[in-house]
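Trainee: Just passing along the structure, written as C-alpha cells.
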Amino acid sequence: MSFKAKRAWGLYILGVSFLIAPFMNAAIALKMLGHAEWYLPTVWFWALANRADVWAQALYLVTFVSGCLLFVAKRWSQGLSLVVVLMSLAVNLRFNIYKLSNISSPFFFGSILSFIAIFIILFYFRYPYLDRRRGGRVPMALAVVCKQFPDLSLQSSDISKNGIRIDLRTGKLNDLSVGQTIELKIADFTLDALVLNVAPTQFNARFVNMTRAKKQKLRMLLKNNG
C-alpha cells in the first residue's frame with residue numbers, strides 16, 4: 001500500500017494569482033483612468049506593453065515568470081518568488097506611505113495580498129514539499145521484506161533516493177545492529193542498505209551498492225508515489 005505526499009495547493013493557488021496579477025493590475029489602472037474598454041484582454045496587453053515605467057514592466061514580467069516557477073517544487077524557485085513578493089510589497093507600501101492611499105486603494109489591497117503571499121511561501125518552506133527527490137524523504141507506506149530477518153513484518157515510513165525509514169509492525173528488532181548491511185525487497189525490486197540507527201519499533205538505513213538499474217527503479221518509485 002502507498003499514499004501520495006501532500007501537494008502544495010497553497011503555492012499552486014498563489015502561482016495562479018501571480019500569473020494573472022499583471023493583467024489585473026493593468027485592468028485596475030485602466031479602470032481608474034476611465035478607459036472605456038478597460039475590461040478587454042487586448043487592452044490589458046497594450047497597456048502592459050506601453051508602460052512608460054520600464055521598472056514596472058520588468059516587475060510585471062518577473063511576477064509572471066515567478067508564477068510559473070511556483071509550480072516547480074524547488075527551493076530556488078520559491079526563493080525567487082519570495083523576492084518578487086517583497087519587491088511588490090515595497091512598491092505598494094511606497095504608494096501607501098508617500099501617496100497617502102486610503103483603505104479602498106488597490107495599493108492598500110496589494111500590500112495585504114503581498115503579506116499573505118509571504119506567509120504562504122514561508123509556510124511551505126517548513127515542510128518537505130520542496131526538493132523532495134533531491135534527498136528529501138517522501139512519505140510512503142510500502143510492505144518491506146528483509147532477507148536477513150524474513151519473520152519481521154516491516155513497512156516503510158518514508159523513502160528518499162539515499163535511504164529509508166522502516167516501521168516495525170510485528171516482531172522485535174533485537175538482532176538488528178547499527179552498521180549491518182541488509183537486503184530489502186521494496187515493491188518489485190531489492191536494495192542493499194546499511195543500518196544507521198535502531199529504535200524499538202523503527203530503524204533508518206542508507207542505500208548502498210546502488211547500480212544504475214536500481215537507481216532508476218528507485219527514482220520511478222519516488223516519482224510515482226511523490
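In the C-alpha cells, chains take the letters A, B, ... in the order shown, each chain's residues start at 1, and ligands count up from 1 in the order shown.
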Can you list, as a ChimeraX atom specification, every protein, DNA or RNA residue that comes within 10 Å of Leu184 in chain A when you count only C-alpha atoms, leaving out same-chain residues fewer than 4 positions away?
Mentor: /A:144-150,189-193,207
Trainee: Need to verify the contact set: Phe119 in chain A, 12 Å, only C-alpha atoms, exclusion of same-chain residues closer than 5 positions in sequence. Can you return it as a ChimeraX atom specification?
Mentor: /A:10-11,14,82,85-86,112-114,124-126
Trainee: Could you name the residues that touch Ala26 in chain A at 7 Å or less, counting only C-alpha atoms, but leaving out those on the same chain fewer than 4 positions away, as an MDAnalysis selection string?
Mentor: chainID A and resid 22 30 44 47:48
Trainee: Of the residues A:Gly67, A:Gly79, A:Pro139, A:Gly34, which is the one nearest to Phe18 in chain A, using only C-alpha atoms?
Mentor: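 The answer is A:Gly67, which sits nearest to Phe18 in chain A.
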Trainee: Please, what distance in Å, to one decimal, runs between CA of Met210 in chain A and CA of Val72 in chain A?
Mentor: 27.6 Å
Trainee: Counting only C-alpha atoms, which of A:Leu69, A:Val138, A:Leu154, A:Val84 gets nearest to Arg219 in chain A?
Mentor: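 When distances to Arg219 in chain A are compared using only C-alpha atoms, the smallest one comes from A:Val138.
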